[in-house]
Amino acid sequence: MAIAGSAAIMMLAGAICATAEEAHGIEITGDAVTTGTMTPDELSQLPAVEQEVRYRTSKGEESGRYKGPLLWSVLEARGIADLPGHNAQLKHSFIVEGRDGYRIVFSVGEIDPDFGNAPIQLATERDGKAMVPGEGYRLVVPGDKRGARHIRDVVKIEVR
């Protein structure tokens, strides 16, 4: 009976950890935006887009239909479009970081609808299913031939 009880507790603890991991927010930092953690609820309130994306990896070709808000919508919700001055947002870049420390730098001009308008996305679903546990939110960069800028388990966006 003690073994069965221990097994049940371990399964429950694993389920709680998986739920907490899936529900983490994304830390937004920088002097050009309102800082703080963007919660899963806040992210779900942003308009979502669906995109079919293909790219190469070291293991072969990957493809999927991703759904989630555009990164512009995320930064716009934090004030990047409201900066004072002519095209002030173009003076900034941002770094997206995964839980494993992998980081990629982008120009705000790449995603600004008035300039590059690149549909870089913070995916919450792939092929109609929530991202798998441990993958968290995934940065998706449509149009890239290689998947090196696709970051899994995004935990932080720093605007500079």
# chains A, B, ... in the order shown; residues from 1 in each chain; ligands from 1
>>> residues_around(residues="Tyr55 of chain A", least_positions_apart="6", cutoff="10 Å", atoms="only C-alpha atoms", output="PyMOL selection string")
chain A and resi 61-64+141-148+150
>>> write_last_selection(atoms="all heavy atoms", output="tab-separated table (two decimals), in the first residue's frame")
chain	number	residue	atom	x	y	z
A	61	GLU	N	13.84	17.73	-43.10
A	61	GLU	CA	12.85	18.79	-43.25
A	61	GLU	C	11.74	18.66	-42.21
A	61	GLU	O	11.29	17.57	-41.90
A	61	GLU	CB	12.24	18.76	-44.65
A	61	GLU	CG	11.36	19.97	-44.90
A	61	GLU	CD	10.96	20.11	-46.35
A	61	GLU	OE1	11.86	20.26	-47.19
A	61	GLU	OE2	9.75	20.08	-46.61
A	62	GLU	N	11.33	19.81	-41.67
A	62	GLU	CA	10.22	19.90	-40.71
A	62	GLU	C	9.14	20.74	-41.34
A	62	GLU	O	9.42	21.64	-42.13
A	62	GLU	CB	10.68	20.60	-39.43
A	62	GLU	CG	11.59	19.81	-38.56
A	62	GLU	CD	10.85	19.01	-37.50
A	62	GLU	OE1	9.69	19.33	-37.20
A	62	GLU	OE2	11.47	18.08	-36.99
A	63	SER	N	7.91	20.46	-40.99
A	63	SER	CA	6.81	21.32	-41.42
A	63	SER	C	5.71	21.23	-40.38
A	63	SER	O	5.64	20.27	-39.61
A	63	SER	CB	6.30	20.90	-42.79
A	63	SER	OG	5.70	19.63	-42.72
A	64	GLY	N	4.87	22.25	-40.36
A	64	GLY	CA	3.76	22.25	-39.43
A	64	GLY	C	2.88	23.46	-39.65
A	64	GLY	O	3.28	24.43	-40.30
A	141	VAL	N	9.72	31.39	-37.42
A	141	VAL	CA	10.17	32.40	-38.37
A	141	VAL	C	9.88	31.91	-39.78
A	141	VAL	O	10.74	31.30	-40.42
A	141	VAL	CB	11.67	32.72	-38.18
A	141	VAL	CG1	12.08	33.89	-39.05
A	141	VAL	CG2	11.99	33.00	-36.71
A	142	PRO	N	8.65	32.16	-40.29
A	142	PRO	CA	8.30	31.72	-41.64
A	142	PRO	C	9.24	32.34	-42.67
A	142	PRO	O	9.67	33.48	-42.54
A	142	PRO	CB	6.87	32.24	-41.83
A	142	PRO	CG	6.35	32.46	-40.46
A	142	PRO	CD	7.55	32.85	-39.65
A	143	GLY	N	9.55	31.57	-43.68
A	143	GLY	CA	10.42	32.08	-44.74
A	143	GLY	C	11.88	31.70	-44.56
A	143	GLY	O	12.63	31.70	-45.53
A	144	ASP	N	12.29	31.40	-43.35
A	144	ASP	CA	13.67	30.95	-43.14
A	144	ASP	C	13.83	29.55	-43.76
A	144	ASP	O	12.98	28.68	-43.54
A	144	ASP	CB	14.01	30.86	-41.65
A	144	ASP	CG	14.43	32.19	-41.05
A	144	ASP	OD1	14.29	33.23	-41.74
A	144	ASP	OD2	14.87	32.19	-39.89
A	145	LYS	N	14.90	29.34	-44.49
A	145	LYS	CA	15.14	28.03	-45.08
A	145	LYS	C	15.58	27.02	-44.02
A	145	LYS	O	15.31	25.84	-44.12
A	145	LYS	CB	16.20	28.13	-46.18
A	145	LYS	CG	15.69	28.88	-47.39
A	145	LYS	CD	16.73	28.92	-48.47
A	145	LYS	CE	16.18	29.67	-49.66
A	145	LYS	NZ	17.12	29.71	-50.77
A	146	ARG	N	16.30	27.51	-43.02
A	146	ARG	CA	16.75	26.65	-41.92
A	146	ARG	C	16.01	27.04	-40.65
A	146	ARG	O	15.60	28.18	-40.49
A	146	ARG	CB	18.26	26.78	-41.73
A	146	ARG	CG	19.05	26.25	-42.91
A	146	ARG	CD	20.54	26.26	-42.70
A	146	ARG	NE	20.99	25.97	-41.36
A	146	ARG	CZ	21.25	24.74	-40.88
A	146	ARG	NH1	21.09	23.70	-41.65
A	146	ARG	NH2	21.68	24.59	-39.66
A	147	GLY	N	15.88	26.11	-39.75
A	147	GLY	CA	15.12	26.35	-38.52
A	147	GLY	C	15.92	26.89	-37.36
A	147	GLY	O	15.45	26.86	-36.22
A	148	ALA	N	17.11	27.41	-37.60
A	148	ALA	CA	17.99	27.84	-36.51
A	148	ALA	C	17.41	28.99	-35.69
A	148	ALA	O	17.75	29.16	-34.54
A	148	ALA	CB	19.36	28.23	-37.05
A	150	HIS	N	14.18	29.29	-35.04
A	150	HIS	CA	12.98	28.79	-34.39
A	150	HIS	C	13.39	28.38	-32.98
A	150	HIS	O	14.15	27.43	-32.81
A	150	HIS	CB	12.40	27.58	-35.13
A	150	HIS	CG	11.84	27.93	-36.46
A	150	HIS	ND1	10.62	27.48	-36.87
A	150	HIS	CD2	12.33	28.67	-37.48
A	150	HIS	CE1	10.37	27.94	-38.09
A	150	HIS	NE2	11.41	28.66	-38.48
>>> select_by_dssp(residues="chain A", states="alpha helix (DSSP H)", output="short mmCIF file (atom, residue, chain, number, x, y, z; two decimals) with N, CA and C atoms, in the first residue's frame")
data_model
loop_
_atom_site.label_atom_id
_atom_site.label_comp_id
_atom_site.auth_asym_id
_atom_site.auth_seq_id
_atom_site.Cartn_x
_atom_site.Cartn_y
_atom_site.Cartn_z
N ALA A 2 1.97 1.23 0.77
CA ALA A 2 2.87 2.38 0.81
C ALA A 2 3.48 2.63 -0.56
N ILE A 3 3.79 1.55 -1.29
CA ILE A 3 4.36 1.70 -2.63
C ILE A 3 3.34 2.32 -3.57
N ALA A 4 2.09 1.86 -3.49
CA ALA A 4 1.04 2.42 -4.35
C ALA A 4 0.82 3.90 -4.02
N GLY A 5 0.84 4.23 -2.74
CA GLY A 5 0.67 5.63 -2.34
C GLY A 5 1.80 6.50 -2.84
N SER A 6 3.03 5.99 -2.75
CA SER A 6 4.19 6.73 -3.22
C SER A 6 4.12 6.94 -4.73
N ALA A 7 3.69 5.90 -5.44
CA ALA A 7 3.56 5.99 -6.90
C ALA A 7 2.53 7.04 -7.28
N ALA A 8 1.41 7.07 -6.56
CA ALA A 8 0.35 8.05 -6.84
C ALA A 8 0.84 9.47 -6.59
N ILE A 9 1.57 9.65 -5.51
CA ILE A 9 2.11 10.98 -5.19
C ILE A 9 3.10 11.41 -6.27
N MET A 10 3.96 10.49 -6.73
CA MET A 10 4.94 10.82 -7.76
C MET A 10 4.23 11.19 -9.07
N MET A 11 3.17 10.47 -9.41
CA MET A 11 2.43 10.77 -10.64
C MET A 11 1.76 12.14 -10.53
N LEU A 12 1.19 12.44 -9.37
CA LEU A 12 0.53 13.72 -9.15
C LEU A 12 1.56 14.85 -9.23
N ALA A 13 2.70 14.67 -8.62
CA ALA A 13 3.75 15.69 -8.65
C ALA A 13 4.22 15.93 -10.08
N GLY A 14 4.36 14.86 -10.86
CA GLY A 14 4.76 14.99 -12.26
C GLY A 14 3.72 15.77 -13.06
N ALA A 15 2.44 15.48 -12.81
CA ALA A 15 1.37 16.19 -13.51
C ALA A 15 1.36 17.66 -13.15
N ILE A 16 1.58 17.97 -11.85
CA ILE A 16 1.61 19.38 -11.42
C ILE A 16 2.78 20.10 -12.06
N CYS A 17 3.95 19.47 -12.12
CA CYS A 17 5.13 20.09 -12.74
C CYS A 17 4.88 20.32 -14.23
N ALA A 18 4.28 19.35 -14.92
CA ALA A 18 4.01 19.51 -16.34
C ALA A 18 3.04 20.66 -16.56
N THR A 19 2.01 20.76 -15.72
CA THR A 19 1.03 21.84 -15.87
C THR A 19 1.70 23.19 -15.62
N ALA A 20 2.53 23.29 -14.59
CA ALA A 20 3.22 24.55 -14.30
C ALA A 20 4.16 24.92 -15.44
N GLU A 21 4.84 23.91 -16.01
CA GLU A 21 5.77 24.19 -17.09
C GLU A 21 5.03 24.69 -18.31
N GLU A 22 3.87 24.10 -18.62
CA GLU A 22 3.10 24.52 -19.78
C GLU A 22 2.55 25.93 -19.59
N PRO A 40 0.12 33.57 -19.68
CA PRO A 40 -0.57 32.81 -20.72
C PRO A 40 -1.94 33.40 -21.05
N ASP A 41 -2.64 33.93 -20.04
CA ASP A 41 -3.95 34.53 -20.27
C ASP A 41 -3.81 35.78 -21.15
N GLU A 42 -2.81 36.62 -20.88
CA GLU A 42 -2.59 37.82 -21.69
C GLU A 42 -2.24 37.44 -23.13
N LEU A 43 -1.40 36.42 -23.29
CA LEU A 43 -1.03 35.97 -24.63
C LEU A 43 -2.24 35.44 -25.39
N SER A 44 -3.13 34.76 -24.69
CA SER A 44 -4.32 34.20 -25.35
C SER A 44 -5.29 35.28 -25.80
N GLN A 45 -5.19 36.48 -25.23
CA GLN A 45 -6.06 37.59 -25.61
C GLN A 45 -5.60 38.28 -26.90
N LEU A 71 4.72 38.20 -33.14
CA LEU A 71 5.60 38.84 -32.17
C LEU A 71 5.35 40.35 -32.13
N TRP A 72 5.00 40.94 -33.26
CA TRP A 72 4.66 42.37 -33.27
C TRP A 72 3.51 42.63 -32.30
N SER A 73 2.49 41.78 -32.30
CA SER A 73 1.34 41.97 -31.39
C SER A 73 1.77 41.90 -29.94
N VAL A 74 2.72 41.01 -29.64
CA VAL A 74 3.22 40.88 -28.27
C VAL A 74 3.91 42.17 -27.85
N LEU A 75 4.83 42.67 -28.69
CA LEU A 75 5.56 43.89 -28.35
C LEU A 75 4.66 45.12 -28.41
N GLU A 76 3.71 45.13 -29.33
CA GLU A 76 2.77 46.24 -29.41
C GLU A 76 1.92 46.33 -28.14
N ALA A 77 1.53 45.18 -27.60
CA ALA A 77 0.77 45.16 -26.35
C ALA A 77 1.59 45.72 -25.20
N VAL A 108 13.54 45.34 -34.59
CA VAL A 108 12.12 45.62 -34.50
C VAL A 108 11.57 45.96 -35.88
N GLY A 109 12.38 46.58 -36.74
CA GLY A 109 11.96 46.89 -38.10
C GLY A 109 11.59 45.67 -38.92
N GLU A 110 12.16 44.50 -38.60
CA GLU A 110 11.83 43.26 -39.31
C GLU A 110 10.35 42.90 -39.14
N ILE A 111 9.80 43.16 -37.95
CA ILE A 111 8.43 42.72 -37.67
C ILE A 111 7.41 43.84 -37.71
#
>>> select_by_dssp(residues="chain A", states="strand (DSSP E)", output="compact mmCIF listing (two decimals) with N, CA, C and O atoms, in the first residue's frame")
# COMPACT_ATOMS: atom_id res chain seq x y z
N ILE A 26 6.00 34.76 -20.17
CA ILE A 26 7.22 35.19 -20.85
C ILE A 26 7.64 36.52 -20.25
O ILE A 26 6.85 37.47 -20.22
N GLU A 27 8.87 36.59 -19.79
CA GLU A 27 9.40 37.82 -19.21
C GLU A 27 9.71 38.80 -20.35
O GLU A 27 10.42 38.45 -21.30
N ILE A 28 9.17 40.00 -20.26
CA ILE A 28 9.43 41.05 -21.24
C ILE A 28 10.21 42.14 -20.52
O ILE A 28 9.77 42.64 -19.50
N THR A 29 11.39 42.49 -21.06
CA THR A 29 12.22 43.51 -20.42
C THR A 29 12.69 44.54 -21.45
O THR A 29 12.63 44.28 -22.65
N GLY A 36 7.75 43.25 -17.45
CA GLY A 36 6.99 42.34 -16.59
C GLY A 36 6.78 41.02 -17.30
O GLY A 36 7.25 40.81 -18.43
N THR A 37 6.06 40.14 -16.66
CA THR A 37 5.78 38.83 -17.24
C THR A 37 4.45 38.87 -17.96
O THR A 37 3.43 39.27 -17.38
N MET A 38 4.47 38.48 -19.22
CA MET A 38 3.23 38.36 -19.98
C MET A 38 2.70 36.96 -19.70
O MET A 38 3.35 35.97 -20.00
N ALA A 48 -4.60 35.74 -32.83
CA ALA A 48 -3.78 34.61 -33.27
C ALA A 48 -3.85 34.47 -34.79
O ALA A 48 -4.87 34.77 -35.40
N VAL A 49 -2.75 34.05 -35.37
CA VAL A 49 -2.69 33.74 -36.80
C VAL A 49 -2.27 32.29 -36.95
O VAL A 49 -1.67 31.71 -36.04
N GLU A 50 -2.62 31.71 -38.09
CA GLU A 50 -2.18 30.35 -38.41
C GLU A 50 -1.31 30.42 -39.66
O GLU A 50 -1.66 31.11 -40.61
N GLN A 51 -0.18 29.71 -39.61
CA GLN A 51 0.76 29.73 -40.74
C GLN A 51 1.32 28.34 -40.98
O GLN A 51 1.66 27.64 -40.03
N GLU A 52 1.41 27.98 -42.24
CA GLU A 52 2.06 26.74 -42.64
C GLU A 52 3.54 27.06 -42.81
O GLU A 52 3.89 27.99 -43.55
N VAL A 53 4.42 26.35 -42.12
CA VAL A 53 5.84 26.66 -42.12
C VAL A 53 6.65 25.40 -42.43
O VAL A 53 6.36 24.33 -41.91
N ARG A 54 7.67 25.56 -43.30
CA ARG A 54 8.61 24.47 -43.64
C ARG A 54 10.02 25.01 -43.45
O ARG A 54 10.31 26.15 -43.80
N TYR A 55 10.89 24.14 -42.94
CA TYR A 55 12.29 24.53 -42.78
C TYR A 55 13.15 23.28 -42.62
O TYR A 55 12.65 22.19 -42.31
N ARG A 56 14.44 23.44 -42.87
CA ARG A 56 15.39 22.33 -42.73
C ARG A 56 16.01 22.34 -41.35
O ARG A 56 16.26 23.40 -40.78
N THR A 57 16.30 21.16 -40.84
CA THR A 57 17.04 21.00 -39.60
C THR A 57 18.18 20.01 -39.87
O THR A 57 18.26 19.44 -40.96
N GLY A 60 16.66 16.77 -40.99
CA GLY A 60 15.81 16.71 -42.18
C GLY A 60 14.82 17.85 -42.21
O GLY A 60 14.92 18.81 -41.45
N GLU A 61 13.84 17.73 -43.10
CA GLU A 61 12.85 18.79 -43.25
C GLU A 61 11.74 18.66 -42.21
O GLU A 61 11.29 17.57 -41.90
N GLU A 62 11.33 19.81 -41.67
CA GLU A 62 10.22 19.90 -40.71
C GLU A 62 9.14 20.74 -41.34
O GLU A 62 9.42 21.64 -42.13
N SER A 63 7.91 20.46 -40.99
CA SER A 63 6.81 21.32 -41.42
C SER A 63 5.71 21.23 -40.38
O SER A 63 5.64 20.27 -39.61
N GLY A 64 4.87 22.25 -40.36
CA GLY A 64 3.76 22.25 -39.43
C GLY A 64 2.88 23.46 -39.65
O GLY A 64 3.28 24.43 -40.30
N ARG A 65 1.69 23.38 -39.12
CA ARG A 65 0.77 24.51 -39.14
C ARG A 65 0.76 25.08 -37.72
O ARG A 65 0.31 24.42 -36.79
N TYR A 66 1.31 26.28 -37.57
CA TYR A 66 1.47 26.90 -36.27
C TYR A 66 0.40 27.96 -36.04
O TYR A 66 0.01 28.66 -36.97
N LYS A 67 -0.02 28.08 -34.79
CA LYS A 67 -1.02 29.08 -34.42
C LYS A 67 -0.54 29.81 -33.17
O LYS A 67 -0.01 29.20 -32.25
N GLY A 68 -0.75 31.13 -33.16
CA GLY A 68 -0.38 31.95 -32.02
C GLY A 68 -0.25 33.39 -32.47
O GLY A 68 -0.38 33.71 -33.64
N PRO A 69 0.02 34.30 -31.52
CA PRO A 69 0.13 35.72 -31.87
C PRO A 69 1.43 36.03 -32.60
O PRO A 69 2.45 35.36 -32.41
N SER A 93 16.20 46.78 -31.15
CA SER A 93 16.28 45.36 -31.50
C SER A 93 15.70 44.59 -30.32
O SER A 93 15.40 45.17 -29.28
N PHE A 94 15.52 43.31 -30.50
CA PHE A 94 15.06 42.49 -29.38
C PHE A 94 15.71 41.12 -29.45
O PHE A 94 16.08 40.64 -30.53
N ILE A 95 15.91 40.56 -28.29
CA ILE A 95 16.53 39.24 -28.15
C ILE A 95 15.48 38.30 -27.61
O ILE A 95 14.83 38.59 -26.60
N VAL A 96 15.30 37.18 -28.29
CA VAL A 96 14.37 36.15 -27.82
C VAL A 96 15.22 35.02 -27.24
O VAL A 96 16.18 34.58 -27.87
N GLU A 97 14.85 34.59 -26.04
CA GLU A 97 15.64 33.56 -25.34
C GLU A 97 14.78 32.38 -24.95
O GLU A 97 13.67 32.54 -24.44
N GLY A 98 15.32 31.18 -25.16
CA GLY A 98 14.66 29.94 -24.75
C GLY A 98 15.12 29.54 -23.36
O GLY A 98 16.13 30.04 -22.85
N ARG A 103 19.67 32.01 -27.74
CA ARG A 103 19.21 33.39 -27.96
C ARG A 103 19.40 33.78 -29.42
O ARG A 103 20.40 33.44 -30.02
N ILE A 104 18.43 34.56 -29.93
CA ILE A 104 18.51 35.09 -31.28
C ILE A 104 18.13 36.57 -31.23
O ILE A 104 17.21 36.96 -30.53
N VAL A 105 18.84 37.41 -32.00
CA VAL A 105 18.60 38.85 -32.05
C VAL A 105 17.87 39.20 -33.34
O VAL A 105 18.22 38.71 -34.42
N PHE A 106 16.87 40.06 -33.23
CA PHE A 106 16.10 40.56 -34.36
C PHE A 106 16.03 42.08 -34.29
O PHE A 106 16.12 42.66 -33.22
N SER A 107 15.77 42.72 -35.42
CA SER A 107 15.49 44.14 -35.47
C SER A 107 13.98 44.33 -35.33
O SER A 107 13.21 43.56 -35.91
N GLN A 121 6.28 34.64 -35.31
CA GLN A 121 5.15 34.24 -34.46
C GLN A 121 5.61 33.58 -33.17
O GLN A 121 6.62 32.90 -33.14
N LEU A 122 4.81 33.77 -32.14
CA LEU A 122 5.00 33.07 -30.88
C LEU A 122 3.93 31.97 -30.85
O LEU A 122 2.78 32.22 -30.48
N ALA A 123 4.27 30.80 -31.31
CA ALA A 123 3.29 29.73 -31.48
C ALA A 123 2.90 29.09 -30.16
O ALA A 123 3.74 28.80 -29.31
N GLU A 125 0.32 26.61 -30.58
CA GLU A 125 -0.18 25.34 -31.09
C GLU A 125 0.58 24.94 -32.34
O GLU A 125 1.07 25.80 -33.08
N ARG A 126 0.66 23.63 -32.55
CA ARG A 126 1.22 23.09 -33.80
C ARG A 126 0.28 21.99 -34.28
O ARG A 126 -0.05 21.09 -33.52
N LYS A 129 -2.78 21.21 -32.09
CA LYS A 129 -2.58 20.73 -30.71
C LYS A 129 -1.68 21.71 -29.97
O LYS A 129 -0.75 22.27 -30.55
N ALA A 130 -1.93 21.86 -28.66
CA ALA A 130 -1.07 22.70 -27.83
C ALA A 130 0.36 22.20 -27.93
O ALA A 130 0.60 21.00 -28.14
N ARG A 138 6.75 28.54 -28.86
CA ARG A 138 7.82 28.37 -29.84
C ARG A 138 7.86 29.58 -30.77
O ARG A 138 6.85 29.97 -31.33
N LEU A 139 9.04 30.16 -30.93
CA LEU A 139 9.22 31.23 -31.89
C LEU A 139 9.32 30.59 -33.27
O LEU A 139 10.11 29.67 -33.47
N VAL A 140 8.48 31.05 -34.20
CA VAL A 140 8.44 30.51 -35.55
C VAL A 140 8.77 31.63 -36.52
O VAL A 140 8.17 32.71 -36.45
N VAL A 154 10.23 29.50 -25.32
CA VAL A 154 10.59 30.91 -25.15
C VAL A 154 10.22 31.35 -23.73
O VAL A 154 9.10 31.14 -23.28
N VAL A 155 11.17 31.96 -23.02
CA VAL A 155 10.93 32.43 -21.65
C VAL A 155 11.17 33.92 -21.48
O VAL A 155 10.74 34.51 -20.49
N LYS A 156 11.88 34.54 -22.46
CA LYS A 156 12.22 35.95 -22.27
C LYS A 156 12.35 36.66 -23.61
O LYS A 156 12.87 36.11 -24.57
N ILE A 157 11.88 37.92 -23.63
CA ILE A 157 12.10 38.81 -24.77
C ILE A 157 12.65 40.10 -24.19
O ILE A 157 12.02 40.73 -23.34
N GLU A 158 13.85 40.47 -24.64
CA GLU A 158 14.50 41.68 -24.14
C GLU A 158 14.59 42.69 -25.29
O GLU A 158 15.18 42.39 -26.32
N VAL A 159 14.00 43.86 -25.11
CA VAL A 159 14.03 44.90 -26.13
C VAL A 159 15.15 45.88 -25.78
O VAL A 159 15.26 46.33 -24.64
>>> closest_residue(among="A:Asp153, A:Tyr137, A:Thr34, A:Ala81", to="Gly101 of chain A", atoms="only C-alpha atoms")
A:Asp153
>>> closest_residue(among="A:Val132, A:Ile151, A:Leu70, A:Arg78", to="Pro113 of chain A", atoms="only C-alpha atoms")
A:Leu70
